[in-house]
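Only one structure is covered here, and it is reproduced in the block below.
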Amino acid sequence: MLTETGRNVQRDLWRGVLVSVVAGTGTRAESEADTSLQTQVITKPANLENRAVGEVVCSGRLLSADVNGTLLAEVGVEDAGRNLLARRVYLPLEKNETIEVEYEILFRVRNS
């Protein structure tokens, strides 16, 4: 069993590698073998926030001027080497100048 301190150490390791939030228009199902988004259209710097023990939230915000006219449907997190660490597909959202989008991806270390 990981102690609370151990879980926070693992969380801090994640904090050291989470660099960018990436968004795209791809709709292919997620796979553990994914190495990139299907159709990446934007990269934003990751903002990191500790939450509960062993948790860090990686967020990225698309502003009103970003990627307007695209049908966003996938999001991911990359490290400094542009390696995809996580990917999620969701119902498509048509991005336009009246919409800002904030992605939050939770990384949680827990005992099972």
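Just so we're on the same page: first chain in the structure tokens is A, next is B, and so on; residues restart at 1 for each chain, and ligands are numbered from 1 in the order they show up.
Near Val77 of chain A, within a cut-off of 9 Å and counting only C-alpha atoms, sit the residues A:Leu18, A:Val19, A:Ser20, A:Val21, A:Val22, A:Ala23, A:Ala46, A:Cys58, A:Arg82, A:Asn83, A:Leu84, A:Leu85, A:Ala86, A:Arg87, A:Ile105, with same-chain residues fewer than 4 positions away left out.
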For the residues selected in the previous step, produce a file with N, CA, C and O atoms as a CSV table (one decimal), in the first residue's frame.
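So selection-v3.csv came out as:
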```csv
chain,number,residue,atom,x,y,z
A,18,LEU,N,4.3,16.6,-17.2
A,18,LEU,CA,3.2,17.2,-17.9
A,18,LEU,C,3.5,18.6,-18.4
A,18,LEU,O,3.7,19.5,-17.6
A,19,VAL,N,3.5,18.7,-19.7
A,19,VAL,CA,4.0,20.0,-20.3
A,19,VAL,C,2.9,20.7,-21.1
A,19,VAL,O,2.7,21.9,-21.1
A,20,SER,N,2.2,20.0,-22.0
A,20,SER,CA,1.2,20.6,-22.9
A,20,SER,C,-0.1,19.8,-23.0
A,20,SER,O,-0.1,18.6,-22.8
A,21,VAL,N,-1.1,20.6,-23.2
A,21,VAL,CA,-2.5,20.1,-23.5
A,21,VAL,C,-2.7,20.3,-25.0
A,21,VAL,O,-2.4,21.4,-25.5
A,22,VAL,N,-3.0,19.2,-25.7
A,22,VAL,CA,-3.2,19.2,-27.1
A,22,VAL,C,-4.7,18.9,-27.5
A,22,VAL,O,-5.3,18.1,-26.8
A,23,ALA,N,-5.2,19.5,-28.5
A,23,ALA,CA,-6.6,19.2,-28.9
A,23,ALA,C,-6.6,19.0,-30.4
A,23,ALA,O,-5.8,19.5,-31.1
A,46,ALA,N,0.5,23.5,-20.4
A,46,ALA,CA,-0.3,22.9,-19.3
A,46,ALA,C,-0.2,23.8,-18.1
A,46,ALA,O,0.9,24.2,-17.7
A,58,CYS,N,-4.1,18.6,-14.8
A,58,CYS,CA,-3.5,19.3,-15.9
A,58,CYS,C,-4.5,20.0,-16.8
A,58,CYS,O,-5.5,19.3,-17.3
A,82,ARG,N,7.2,15.7,-26.6
A,82,ARG,CA,6.0,15.6,-27.4
A,82,ARG,C,5.4,14.2,-27.5
A,82,ARG,O,4.7,13.8,-28.4
A,83,ASN,N,5.7,13.4,-26.4
A,83,ASN,CA,5.2,12.1,-26.3
A,83,ASN,C,3.8,12.2,-25.7
A,83,ASN,O,3.6,12.9,-24.7
A,84,LEU,N,2.8,11.5,-26.3
A,84,LEU,CA,1.4,11.6,-25.8
A,84,LEU,C,1.3,10.7,-24.6
A,84,LEU,O,1.6,9.5,-24.6
A,85,LEU,N,0.9,11.2,-23.5
A,85,LEU,CA,0.8,10.5,-22.2
A,85,LEU,C,-0.6,10.1,-21.9
A,85,LEU,O,-0.9,9.1,-21.2
A,86,ALA,N,-1.6,10.8,-22.4
A,86,ALA,CA,-3.0,10.5,-22.2
A,86,ALA,C,-3.8,11.1,-23.4
A,86,ALA,O,-3.4,12.1,-24.0
A,87,ARG,N,-4.9,10.4,-23.7
A,87,ARG,CA,-5.8,10.8,-24.8
A,87,ARG,C,-7.2,10.5,-24.5
A,87,ARG,O,-7.5,9.4,-24.0
A,105,ILE,N,-7.6,17.5,-17.1
A,105,ILE,CA,-7.3,16.1,-17.1
A,105,ILE,C,-6.7,15.7,-15.8
A,105,ILE,O,-5.7,16.3,-15.4
```
>> Taking only C-alpha atoms into account, name the residue in A:Val75, A:Leu93, A:Ser64, A:Val56 that is nearest to Gln38 of chain A.
In response: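 The shortest atom-to-atom distance to Gln38 of chain A comes from A:Val75.
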> Out of chain A, which residues get strand (DSSP E) from DSSP, as a ChimeraX atom specification?
Replying inline: /A:20-24,40-45,47-50,55-62,71-78,84-94,101-108
> Which neighbours of Gly24 of chain A fall inside 7 Å, counting only C-alpha atoms, when residues of the same chain fewer than 3 positions from it are skipped, and could you give them as JSON, numbers by chain?
Replying inline: {"A": [37, 39, 40, 41, 42, 72, 73, 74, 75]}
>> Which residues are near Thr98 of chain A? Cut-off 9 Å, only C-alpha atoms, ignore same chain within fewer than 2 positions. Put them as a list in words.
In response: Ser64, Ala65, Lys95, Asn96 and Glu100 of chain A
Would you save the residues of that selection, restricted to all heavy atoms, as a CSV table (one decimal), in the first residue's frame?
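Once written, result_0.csv looks like this:
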```csv
chain,number,residue,atom,x,y,z
A,64,SER,N,-11.1,32.5,-27.2
A,64,SER,CA,-12.1,32.8,-28.2
A,64,SER,C,-11.5,32.9,-29.6
A,64,SER,O,-12.2,32.6,-30.6
A,64,SER,CB,-12.9,34.1,-27.9
A,64,SER,OG,-12.0,35.2,-27.8
A,65,ALA,N,-10.2,33.3,-29.7
A,65,ALA,CA,-9.6,33.4,-31.1
A,65,ALA,C,-9.0,32.1,-31.5
A,65,ALA,O,-8.5,32.0,-32.7
A,65,ALA,CB,-8.6,34.5,-31.0
A,95,LYS,N,-16.1,24.7,-32.5
A,95,LYS,CA,-15.4,25.8,-31.9
A,95,LYS,C,-15.6,27.1,-32.7
A,95,LYS,O,-15.4,27.1,-33.9
A,95,LYS,CB,-13.9,25.5,-31.7
A,95,LYS,CG,-13.1,26.7,-31.1
A,95,LYS,CD,-13.4,27.0,-29.7
A,95,LYS,CE,-12.5,28.0,-29.1
A,95,LYS,NZ,-12.6,29.4,-29.7
A,96,ASN,N,-16.1,28.2,-32.1
A,96,ASN,CA,-16.2,29.5,-32.7
A,96,ASN,C,-15.8,30.6,-31.8
A,96,ASN,O,-15.4,30.3,-30.7
A,96,ASN,CB,-17.6,29.7,-33.3
A,96,ASN,CG,-18.7,29.7,-32.2
A,96,ASN,OD1,-18.5,30.5,-31.2
A,96,ASN,ND2,-19.7,29.0,-32.4
A,100,GLU,N,-15.0,29.7,-25.4
A,100,GLU,CA,-13.7,29.3,-24.8
A,100,GLU,C,-13.9,27.9,-24.2
A,100,GLU,O,-14.9,27.6,-23.7
A,100,GLU,CB,-13.3,30.3,-23.8
A,100,GLU,CG,-12.9,31.7,-24.4
A,100,GLU,CD,-12.2,32.6,-23.4
A,100,GLU,OE1,-12.1,32.3,-22.2
A,100,GLU,OE2,-11.8,33.7,-23.9
```
>> From the options A:Leu106, A:Leu48, A:Ala33, A:Leu2, which residue's atoms come nearest to Gly16 of chain A, counting only C-alpha atoms?
In response: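 Residue with the minimum atom-to-atom distance to Gly16 of chain A: A:Leu48.
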>> Quick one: residues within 9 Å of Val89 of chain A, only C-alpha atoms, excluding same-chain residues fewer than 3 positions away - as a list in words?
In response: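 Within the cut-off, the hits are Gly26, Thr27, Arg28, Ala29, Glu30, Ala73, Glu74, Val75, Gly76 and Pro92 of chain A.
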Restrict the selected residues to C-alpha atoms and save them as a PDB file, in the first residue's frame.
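The resulting file, again28.pdb, is reproduced below:
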```
ATOM      1  CA  GLY A  26      -9.963  13.086 -34.607  1.00  0.00           C
ATOM      2  CA  THR A  27     -12.730  10.678 -33.639  1.00  0.00           C
ATOM      3  CA  ARG A  28     -10.855   7.350 -33.646  1.00  0.00           C
ATOM      4  CA  ALA A  29     -11.412   5.421 -30.403  1.00  0.00           C
ATOM      5  CA  GLU A  30      -8.735   5.733 -27.716  1.00  0.00           C
ATOM      6  CA  ALA A  73     -13.323  15.909 -30.602  1.00  0.00           C
ATOM      7  CA  GLU A  74     -10.090  14.795 -28.890  1.00  0.00           C
ATOM      8  CA  VAL A  75      -7.742  16.032 -26.195  1.00  0.00           C
ATOM      9  CA  GLY A  76      -4.419  14.807 -24.861  1.00  0.00           C
ATOM     10  CA  PRO A  92     -17.599  16.857 -31.160  1.00  0.00           C
TER      11      PRO A  92
END
```
> Running DSSP on the backbone, which parts of chain A land in alpha helix (DSSP H), as a PyMOL selection string?
Replying inline: chain A and resi 4-15
>> Neighbouring residues of segment 9-11 of chain A were defined as those with any atom within 9 Å, considering only C-alpha atoms; residues of the same chain fewer than 6 positions away were excluded. Please report them as a ChimeraX atom specification.
In response: /A:50,53-56,107-109
> Any idea what's packed within 8 Å of Leu62 of chain A, counting only C-alpha atoms, ignoring anything in its chain fewer than 5 positions away? Could you give it as a PyMOL selection string?
Replying inline: chain A and resi 44+100-102
> Separation of atom CA of Leu71 of chain A and atom CA of Thr25 of chain A, in Å?
Replying inline: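 Between these atoms lies a distance of 5.7 Å.
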> When you draw a straight line from atom CA of Asp34 of chain A to atom CA of Asp79 of chain A, how long is it in Å?
Replying inline: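 Atom CA of Asp79 of chain A lies 14.2 Å from atom CA of Asp34 of chain A.
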> Do you have the atom CA of Pro45 of chain A-atom CA of Trp14 of chain A distance handy?
Replying inline: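 Taking atom CA of Pro45 of chain A and atom CA of Trp14 of chain A, their separation equals 15.1 Å.
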> For Arg88 of chain A, which of A:Ser31, A:Asn47, A:Ser112, A:Met1 is the closest residue, counting only C-alpha atoms?
Replying inline: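 Looking only at the distances to Arg88 of chain A, the closest residue turns out to be A:Ser31.
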